[in-house]
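Worksheet: the structure to be examined is printed underneath.
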Amino acid sequence: MWLQRVRRWTYRRFSPDGRLGLRLTLACAAVLLVAVPFVVLLALVNAHWAPLRHLDDTATLHTHGFVLRHRALVGPLRATAYVFHPWVFRIVLLALAAWLLYRGARRLAAWATTNVLVAGVVSGTLKAAVGRTRPVLPSPIAHAGGGSFPSGHALMTVVGTATLVLVFLPLLRRAWRAVAWVAAAVLSVASGLFRVLLGVHYLSDVLGGWILGVAIVLATTAAFETWRRGEGRRPADPIREGAEPEAEPRITGDDHATPA
């Protein structure tokens with residue numbers, strides 16, 4: 001009896017129609033695994049947990065002292081505040097969505113727009129709800145308004161770079177796909193660390209932004225996969241194939257492409 005149940009479960013999960021259930025189950029598990037650390041971090045920040053506060057203060061003082069000893073870094077660091085500004089990624093993604101819509105990739109356009117909206121609403125809501133003040137330094141080299149947790153720069157860089165990679169991944173050869181993901185990770189890490197070096201965010205602010213950004217992309221991608229399959233598309237592996245592999249002809253301008 002139990003062997004028959006295992007066979008039926010295996011068939012449902014690994015048959016062409018059942019693979020969607022398995023993929024969505026794994027996607028939901030991934031979102032949960034990412035969301036739990038963020039909730040724990042949020043609770044520790046709200047509770048003003050002494051060890052975390054000590055870590056944040058120590059990291060802020062040491063990195064700020066390093067920058068003050070190397071004044072040549074001040075100018076480039078200030079420039080990163082504009083280069084990695086959330087609105088830069090929002091404008092890029094909204095422009096991408098408009099271009100995808102023009103190309104006929106309607107689902108991808110809607111997904112990219114959703115990422116922008118969700119990231120903005122979640123970031124703004126959490127900043128207002130947590131109300132954490134930014135670091136106060138004796139000789140600040142930069143200033144920023146709004147709440148400190150989570151880092152909007154770190155969050156939006158993760159969402160922005162991941163969205164770009166997932167849209168254009170089908171156009172890249174396999175070797176370059178790994179390069180694209182590495183580049184997105186490097187930019188995301190750099191964006192967050194620059195905020196700490198500027199003294200406008202604590203280390204935990206940046207960590208929270210990174211985790212939340214990953215959770216948002218995982219959640220919207222899982223929802224997007226459900227939408228795709230609801231329209232009769234085959235299951236896809238976003239990490240290796242992109243969010244919508246069948247949209248490649250539309251993106252490359254093939255006039256004979258089917259509507260995406």
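We name chains A, B, ... following the order of the structure tokens; residues begin at 1 in each chain, and ligands are numbered from 1 as shown.
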
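For region 41-47 of chain A, the non-local neighbours within 8 Å, defined as residues at least 5 positions apart in the same chain or in other chains and counting only C-alpha atoms, are Leu52, Arg53, Val130, Ser204 and Gly208 of chain A.
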
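By only C-alpha atoms, and with residues fewer than 4 positions from region 171-174 of chain A along its chain excluded, the set lying at most 12 Å from it is Leu164, Val165, Leu166, Val167, Ala178, Val179, Ala180, Trp181, Ile239, Arg240, Glu241, Gly242, Ala243, Glu244, Pro245, Glu246, Ala247, Glu248, Pro249, Arg250, Ile251, Thr252 and Gly253 of chain A.
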
Hey, can you spit out that residue selection with N, CA, C and O atoms as a short mmCIF file (atom, residue, chain, number, x, y, z; two decimals), in the first residue's frame?
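This went into selection.cif:
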```
data_model
loop_
_atom_site.label_atom_id
_atom_site.label_comp_id
_atom_site.auth_asym_id
_atom_site.auth_seq_id
_atom_site.Cartn_x
_atom_site.Cartn_y
_atom_site.Cartn_z
N LEU A 164 17.17 41.85 -13.98
CA LEU A 164 17.85 41.99 -15.27
C LEU A 164 18.42 40.66 -15.74
O LEU A 164 18.29 40.28 -16.91
N VAL A 165 19.05 39.94 -14.82
CA VAL A 165 19.63 38.64 -15.19
C VAL A 165 18.54 37.67 -15.62
O VAL A 165 18.66 36.98 -16.65
N LEU A 166 17.45 37.60 -14.85
CA LEU A 166 16.38 36.64 -15.16
C LEU A 166 15.67 36.96 -16.47
O LEU A 166 15.16 36.06 -17.14
N VAL A 167 15.66 38.22 -16.87
CA VAL A 167 15.04 38.59 -18.15
C VAL A 167 15.94 38.21 -19.32
O VAL A 167 15.48 37.63 -20.32
N ALA A 178 26.56 31.96 -15.78
CA ALA A 178 27.20 31.98 -14.47
C ALA A 178 27.87 33.32 -14.22
O ALA A 178 27.82 33.86 -13.10
N VAL A 179 28.49 33.88 -15.25
CA VAL A 179 29.14 35.19 -15.13
C VAL A 179 28.11 36.26 -14.76
O VAL A 179 28.37 37.14 -13.94
N ALA A 180 26.93 36.18 -15.38
CA ALA A 180 25.88 37.17 -15.11
C ALA A 180 25.44 37.10 -13.65
O ALA A 180 25.26 38.14 -12.99
N TRP A 181 25.26 35.90 -13.12
CA TRP A 181 24.86 35.76 -11.72
C TRP A 181 25.95 36.24 -10.78
O TRP A 181 25.66 36.88 -9.76
N ILE A 239 16.90 29.79 -12.64
CA ILE A 239 18.32 30.01 -12.37
C ILE A 239 19.15 29.73 -13.61
O ILE A 239 20.15 30.42 -13.88
N ARG A 240 18.76 28.74 -14.40
CA ARG A 240 19.54 28.37 -15.57
C ARG A 240 18.94 28.86 -16.89
O ARG A 240 19.66 29.07 -17.86
N GLU A 241 17.61 29.06 -16.91
CA GLU A 241 16.96 29.41 -18.17
C GLU A 241 16.38 30.82 -18.20
O GLU A 241 16.01 31.31 -19.27
N GLY A 242 16.29 31.47 -17.05
CA GLY A 242 15.66 32.78 -17.01
C GLY A 242 14.20 32.66 -16.62
O GLY A 242 13.64 31.57 -16.52
N ALA A 243 13.56 33.80 -16.41
CA ALA A 243 12.18 33.80 -15.94
C ALA A 243 11.22 33.27 -17.00
O ALA A 243 10.24 32.60 -16.68
N GLU A 244 11.50 33.58 -18.26
CA GLU A 244 10.61 33.13 -19.33
C GLU A 244 11.43 32.81 -20.58
O GLU A 244 11.61 33.65 -21.46
N PRO A 245 11.92 31.57 -20.68
CA PRO A 245 12.78 31.19 -21.82
C PRO A 245 12.12 31.40 -23.17
O PRO A 245 12.79 31.78 -24.14
N GLU A 246 10.80 31.17 -23.26
CA GLU A 246 10.12 31.27 -24.54
C GLU A 246 10.00 32.71 -25.04
O GLU A 246 9.59 32.94 -26.19
N ALA A 247 10.35 33.69 -24.22
CA ALA A 247 10.28 35.09 -24.64
C ALA A 247 11.53 35.52 -25.41
O ALA A 247 11.58 36.65 -25.89
N GLU A 248 12.50 34.63 -25.54
CA GLU A 248 13.76 34.99 -26.23
C GLU A 248 13.53 35.55 -27.64
O GLU A 248 14.11 36.58 -27.99
N PRO A 249 12.68 34.92 -28.47
CA PRO A 249 12.47 35.49 -29.80
C PRO A 249 11.91 36.91 -29.76
O PRO A 249 12.26 37.74 -30.60
N ARG A 250 11.03 37.17 -28.80
CA ARG A 250 10.48 38.52 -28.67
C ARG A 250 11.57 39.52 -28.29
O ARG A 250 11.63 40.63 -28.81
N ILE A 251 12.41 39.12 -27.35
CA ILE A 251 13.46 40.03 -26.86
C ILE A 251 14.46 40.33 -27.97
O ILE A 251 14.94 41.46 -28.11
N THR A 252 14.78 39.31 -28.78
CA THR A 252 15.75 39.49 -29.86
C THR A 252 15.16 40.12 -31.11
O THR A 252 15.88 40.42 -32.05
N GLY A 253 13.83 40.29 -31.12
CA GLY A 253 13.18 40.96 -32.25
C GLY A 253 12.78 40.06 -33.39
O GLY A 253 12.67 40.52 -34.53
#
```

So that I can check the surroundings of Trp87 (chain A), please list as a PyMOL selection string every protein, DNA and RNA residue that reaches within 12 Å of it, counting only C-alpha atoms and ignoring chain neighbours fewer than 5 positions away.
chain A and resi 81-82+92-95+116-117+119-120+152-153+155-157+160

Restricted to N, CA, C and O atoms, what would the selected residues look like written as a PDB file, in the first residue's frame?
```pdb
ATOM      1  N   ALA A  81      26.542  56.419  -3.908  1.00  0.00           N
ATOM      2  CA  ALA A  81      25.209  56.674  -3.368  1.00  0.00           C
ATOM      3  C   ALA A  81      24.232  57.001  -4.492  1.00  0.00           C
ATOM      4  O   ALA A  81      23.025  56.716  -4.390  1.00  0.00           O
ATOM      5  N   TYR A  82      24.749  57.600  -5.583  1.00  0.00           N
ATOM      6  CA  TYR A  82      23.907  57.936  -6.730  1.00  0.00           C
ATOM      7  C   TYR A  82      23.859  56.799  -7.745  1.00  0.00           C
ATOM      8  O   TYR A  82      22.810  56.510  -8.316  1.00  0.00           O
ATOM      9  N   VAL A  92      15.446  52.033 -14.445  1.00  0.00           N
ATOM     10  CA  VAL A  92      15.949  51.040 -15.392  1.00  0.00           C
ATOM     11  C   VAL A  92      14.938  49.919 -15.590  1.00  0.00           C
ATOM     12  O   VAL A  92      14.646  49.516 -16.728  1.00  0.00           O
ATOM     13  N   LEU A  93      14.372  49.409 -14.500  1.00  0.00           N
ATOM     14  CA  LEU A  93      13.421  48.306 -14.603  1.00  0.00           C
ATOM     15  C   LEU A  93      12.106  48.737 -15.249  1.00  0.00           C
ATOM     16  O   LEU A  93      11.500  47.973 -16.012  1.00  0.00           O
ATOM     17  N   LEU A  94      11.652  49.951 -14.934  1.00  0.00           N
ATOM     18  CA  LEU A  94      10.429  50.434 -15.570  1.00  0.00           C
ATOM     19  C   LEU A  94      10.643  50.673 -17.055  1.00  0.00           C
ATOM     20  O   LEU A  94       9.754  50.400 -17.880  1.00  0.00           O
ATOM     21  N   ALA A  95      11.837  51.176 -17.418  1.00  0.00           N
ATOM     22  CA  ALA A  95      12.163  51.337 -18.835  1.00  0.00           C
ATOM     23  C   ALA A  95      12.244  49.968 -19.517  1.00  0.00           C
ATOM     24  O   ALA A  95      11.791  49.789 -20.659  1.00  0.00           O
ATOM     25  N   VAL A 116       9.452  46.034  -9.072  1.00  0.00           N
ATOM     26  CA  VAL A 116       9.701  47.420  -8.665  1.00  0.00           C
ATOM     27  C   VAL A 116       8.706  47.855  -7.593  1.00  0.00           C
ATOM     28  O   VAL A 116       9.086  48.434  -6.560  1.00  0.00           O
ATOM     29  N   LEU A 117       7.438  47.580  -7.824  1.00  0.00           N
ATOM     30  CA  LEU A 117       6.393  48.018  -6.897  1.00  0.00           C
ATOM     31  C   LEU A 117       6.512  47.316  -5.546  1.00  0.00           C
ATOM     32  O   LEU A 117       6.422  47.952  -4.488  1.00  0.00           O
ATOM     33  N   ALA A 119       9.144  45.833  -4.160  1.00  0.00           N
ATOM     34  CA  ALA A 119      10.354  46.257  -3.451  1.00  0.00           C
ATOM     35  C   ALA A 119      10.172  47.637  -2.827  1.00  0.00           C
ATOM     36  O   ALA A 119      10.560  47.870  -1.677  1.00  0.00           O
ATOM     37  N   GLY A 120       9.560  48.569  -3.572  1.00  0.00           N
ATOM     38  CA  GLY A 120       9.361  49.915  -3.053  1.00  0.00           C
ATOM     39  C   GLY A 120       8.399  49.962  -1.878  1.00  0.00           C
ATOM     40  O   GLY A 120       8.675  50.615  -0.866  1.00  0.00           O
ATOM     41  N   GLY A 152      17.646  50.461   1.670  1.00  0.00           N
ATOM     42  CA  GLY A 152      16.960  50.489   0.381  1.00  0.00           C
ATOM     43  C   GLY A 152      17.909  50.278  -0.779  1.00  0.00           C
ATOM     44  O   GLY A 152      17.552  49.656  -1.784  1.00  0.00           O
ATOM     45  N   HIS A 153      19.146  50.798  -0.651  1.00  0.00           N
ATOM     46  CA  HIS A 153      20.144  50.596  -1.703  1.00  0.00           C
ATOM     47  C   HIS A 153      20.452  49.109  -1.870  1.00  0.00           C
ATOM     48  O   HIS A 153      20.468  48.591  -2.990  1.00  0.00           O
ATOM     49  N   LEU A 155      18.686  46.477  -0.876  1.00  0.00           N
ATOM     50  CA  LEU A 155      17.501  45.733  -1.309  1.00  0.00           C
ATOM     51  C   LEU A 155      17.263  45.913  -2.807  1.00  0.00           C
ATOM     52  O   LEU A 155      17.088  44.932  -3.544  1.00  0.00           O
ATOM     53  N   MET A 156      17.261  47.153  -3.273  1.00  0.00           N
ATOM     54  CA  MET A 156      16.907  47.409  -4.663  1.00  0.00           C
ATOM     55  C   MET A 156      17.994  46.953  -5.617  1.00  0.00           C
ATOM     56  O   MET A 156      17.704  46.599  -6.766  1.00  0.00           O
ATOM     57  N   THR A 157      19.254  46.941  -5.172  1.00  0.00           N
ATOM     58  CA  THR A 157      20.314  46.426  -6.032  1.00  0.00           C
ATOM     59  C   THR A 157      20.134  44.934  -6.268  1.00  0.00           C
ATOM     60  O   THR A 157      20.315  44.435  -7.379  1.00  0.00           O
ATOM     61  N   GLY A 160      17.011  44.625  -8.509  1.00  0.00           N
ATOM     62  CA  GLY A 160      17.281  45.142  -9.845  1.00  0.00           C
ATOM     63  C   GLY A 160      18.191  44.243 -10.660  1.00  0.00           C
ATOM     64  O   GLY A 160      17.884  43.901 -11.811  1.00  0.00           O
TER      65      GLY A 160
END
```

Select from region 58-112 of chain A every residue with an atom at most 10 Å from any atom of region 134-146 of chain A, then for each give the shortest pair of atoms and their distance in Å to one decimal, using only C-alpha atoms, rows by chain and rising number, as a Markdown table.
```
| residue | atom | partner | partner_atom | distance |
| --- | --- | --- | --- | --- |
| A:Thr60 | CA | A:Pro135 | CA | 7.7 |
| A:Leu61 | CA | A:Leu137 | CA | 8.1 |
| A:His64 | CA | A:Pro140 | CA | 8.3 |
| A:Gly65 | CA | A:Ser139 | CA | 9.6 |
| A:Val67 | CA | A:Ile141 | CA | 8.8 |
| A:Leu68 | CA | A:Ile141 | CA | 8.4 |
| A:Arg71 | CA | A:Ile141 | CA | 9.7 |
| A:Val74 | CA | A:Ile141 | CA | 7.1 |
| A:Gly75 | CA | A:Ile141 | CA | 9.4 |
| A:Leu77 | CA | A:Ala142 | CA | 9.1 |
| A:Arg78 | CA | A:Ala142 | CA | 7.0 |
| A:Ala81 | CA | A:Ala142 | CA | 9.1 |
```

Generate a file of the selected residues that holds all heavy atoms, formatted as a compact mmCIF listing (two decimals), in the first residue's frame.
```txt
# COMPACT_ATOMS: atom_id res chain seq x y z
N THR A 60 30.60 50.02 12.18
CA THR A 60 30.44 51.41 11.72
C THR A 60 31.66 52.25 12.08
O THR A 60 32.20 52.99 11.23
CB THR A 60 29.18 52.04 12.32
OG1 THR A 60 28.04 51.30 11.89
CG2 THR A 60 29.04 53.49 11.90
N LEU A 61 32.12 52.15 13.30
CA LEU A 61 33.27 52.95 13.74
C LEU A 61 34.54 52.56 13.01
O LEU A 61 35.33 53.43 12.60
CB LEU A 61 33.45 52.82 15.25
CG LEU A 61 32.37 53.47 16.11
CD1 LEU A 61 32.59 53.15 17.59
CD2 LEU A 61 32.35 54.99 15.90
N HIS A 64 34.25 53.60 9.26
CA HIS A 64 34.30 55.06 9.15
C HIS A 64 35.72 55.58 9.41
O HIS A 64 36.20 56.47 8.71
CB HIS A 64 33.32 55.69 10.14
CG HIS A 64 33.23 57.18 10.01
ND1 HIS A 64 32.77 57.81 8.88
CD2 HIS A 64 33.56 58.17 10.89
CE1 HIS A 64 32.80 59.12 9.06
NE2 HIS A 64 33.27 59.36 10.26
N GLY A 65 36.37 55.00 10.40
CA GLY A 65 37.75 55.38 10.68
C GLY A 65 38.66 55.07 9.52
O GLY A 65 39.59 55.85 9.21
N VAL A 67 37.85 55.02 6.32
CA VAL A 67 37.61 56.00 5.26
C VAL A 67 38.25 57.34 5.61
O VAL A 67 38.84 58.01 4.75
CB VAL A 67 36.10 56.17 5.01
CG1 VAL A 67 35.84 57.31 4.02
CG2 VAL A 67 35.50 54.87 4.49
N LEU A 68 38.16 57.75 6.87
CA LEU A 68 38.76 59.03 7.27
C LEU A 68 40.27 59.01 7.13
O LEU A 68 40.90 60.04 6.88
CB LEU A 68 38.37 59.35 8.72
CG LEU A 68 36.91 59.71 8.98
CD1 LEU A 68 36.68 59.99 10.45
CD2 LEU A 68 36.50 60.92 8.13
N ARG A 71 41.28 59.54 2.77
CA ARG A 71 40.33 60.54 2.28
C ARG A 71 40.09 60.47 0.78
O ARG A 71 39.07 60.94 0.28
CB ARG A 71 40.84 61.95 2.63
CG ARG A 71 41.03 62.21 4.12
CD ARG A 71 39.73 62.25 4.88
NE ARG A 71 38.80 63.28 4.43
CZ ARG A 71 37.67 63.59 5.03
NH1 ARG A 71 37.31 62.94 6.14
NH2 ARG A 71 36.87 64.51 4.56
N VAL A 74 36.69 59.13 -0.27
CA VAL A 74 35.44 59.82 0.03
C VAL A 74 34.65 60.15 -1.23
O VAL A 74 33.44 59.88 -1.33
CB VAL A 74 35.72 61.10 0.84
CG1 VAL A 74 34.43 61.91 1.01
CG2 VAL A 74 36.31 60.75 2.20
N GLY A 75 35.31 60.73 -2.22
CA GLY A 75 34.64 61.12 -3.46
C GLY A 75 33.99 59.94 -4.17
O GLY A 75 32.79 59.96 -4.48
N LEU A 77 33.17 57.04 -2.97
CA LEU A 77 32.12 56.46 -2.14
C LEU A 77 30.84 57.29 -2.23
O LEU A 77 29.73 56.74 -2.30
CB LEU A 77 32.58 56.35 -0.69
CG LEU A 77 33.53 55.20 -0.37
CD1 LEU A 77 34.03 55.31 1.07
CD2 LEU A 77 32.85 53.85 -0.59
N ARG A 78 30.98 58.59 -2.22
CA ARG A 78 29.80 59.44 -2.35
C ARG A 78 29.12 59.23 -3.70
O ARG A 78 27.89 59.28 -3.80
CB ARG A 78 30.19 60.91 -2.17
CG ARG A 78 30.50 61.31 -0.73
CD ARG A 78 31.01 62.73 -0.65
NE ARG A 78 31.22 63.13 0.74
CZ ARG A 78 31.86 64.25 1.11
NH1 ARG A 78 32.36 65.07 0.16
NH2 ARG A 78 32.01 64.55 2.39
N ALA A 81 26.54 56.42 -3.91
CA ALA A 81 25.21 56.67 -3.37
C ALA A 81 24.23 57.00 -4.49
O ALA A 81 23.02 56.72 -4.39
CB ALA A 81 25.25 57.81 -2.36
```

If we count only C-alpha atoms and set the cut-off at 12 Å, which residues sit around Tyr102 (chain A), ignoring sequence neighbours fewer than 3 positions away in its own chain? Please answer as a ChimeraX atom specification.
/A:95-99,105-109,250-251,253,259-260

Please, could you write that set of residues out with N, CA, C and O atoms as a short mmCIF file (atom, residue, chain, number, x, y, z; two decimals), in the first residue's frame?
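Output saved as part_36.cif:
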```cif
data_model
loop_
_atom_site.label_atom_id
_atom_site.label_comp_id
_atom_site.auth_asym_id
_atom_site.auth_seq_id
_atom_site.Cartn_x
_atom_site.Cartn_y
_atom_site.Cartn_z
N ALA A 95 11.84 51.18 -17.42
CA ALA A 95 12.16 51.34 -18.84
C ALA A 95 12.24 49.97 -19.52
O ALA A 95 11.79 49.79 -20.66
N LEU A 96 12.82 48.99 -18.82
CA LEU A 96 12.88 47.64 -19.34
C LEU A 96 11.48 47.08 -19.56
O LEU A 96 11.19 46.45 -20.58
N ALA A 97 10.59 47.32 -18.58
CA ALA A 97 9.21 46.83 -18.70
C ALA A 97 8.51 47.44 -19.91
O ALA A 97 7.79 46.75 -20.64
N ALA A 98 8.74 48.73 -20.12
CA ALA A 98 8.12 49.40 -21.28
C ALA A 98 8.66 48.81 -22.59
O ALA A 98 7.90 48.60 -23.54
N TRP A 99 9.96 48.54 -22.61
CA TRP A 99 10.58 47.96 -23.81
C TRP A 99 10.07 46.54 -24.05
O TRP A 99 9.78 46.15 -25.19
N ALA A 105 6.48 41.01 -25.00
CA ALA A 105 6.68 40.12 -23.85
C ALA A 105 5.90 40.67 -22.66
O ALA A 105 6.46 41.22 -21.71
N ARG A 106 4.58 40.52 -22.73
CA ARG A 106 3.70 41.17 -21.75
C ARG A 106 3.89 40.63 -20.34
O ARG A 106 3.85 41.38 -19.37
N ARG A 107 4.03 39.31 -20.22
CA ARG A 107 4.19 38.72 -18.89
C ARG A 107 5.47 39.20 -18.23
O ARG A 107 5.48 39.54 -17.04
N LEU A 108 6.56 39.21 -18.98
CA LEU A 108 7.83 39.67 -18.41
C LEU A 108 7.74 41.14 -18.01
O LEU A 108 8.30 41.54 -16.98
N ALA A 109 7.07 41.95 -18.81
CA ALA A 109 6.91 43.37 -18.49
C ALA A 109 6.14 43.53 -17.19
O ALA A 109 6.51 44.34 -16.32
N ARG A 250 11.03 37.17 -28.80
CA ARG A 250 10.48 38.52 -28.67
C ARG A 250 11.57 39.52 -28.29
O ARG A 250 11.63 40.63 -28.81
N ILE A 251 12.41 39.12 -27.35
CA ILE A 251 13.46 40.03 -26.86
C ILE A 251 14.46 40.33 -27.97
O ILE A 251 14.94 41.46 -28.11
N GLY A 253 13.83 40.29 -31.12
CA GLY A 253 13.18 40.96 -32.25
C GLY A 253 12.78 40.06 -33.39
O GLY A 253 12.67 40.52 -34.53
N PRO A 259 3.11 35.17 -29.33
CA PRO A 259 2.92 36.13 -28.23
C PRO A 259 3.42 35.58 -26.93
O PRO A 259 3.20 34.41 -26.59
N ALA A 260 4.14 36.42 -26.15
CA ALA A 260 4.66 36.03 -24.86
C ALA A 260 3.98 36.79 -23.77
O ALA A 260 4.37 36.75 -22.65
#
```

Please list as a PyMOL selection string every residue within 12 Å of Leu193 (chain A), counting only C-alpha atoms and excluding residues in the same chain fewer than 3 positions away.
chain A and resi 59-60+63-64+77+80-81+84+151+153-154+157+186-190+196-207+209-210

Going by DSSP on the backbone, which residues of region 30-225 of chain A come out as alpha helix (DSSP H)? List them as a ChimeraX atom specification.
/A:30-46,50-69,74-83,86-103,106-130,152-168,174-198,203-225

Measure the distance from CA of Gly213 (chain A) to CA of Ala162 (chain A) in Å and round it to one decimal.
9.1 Å
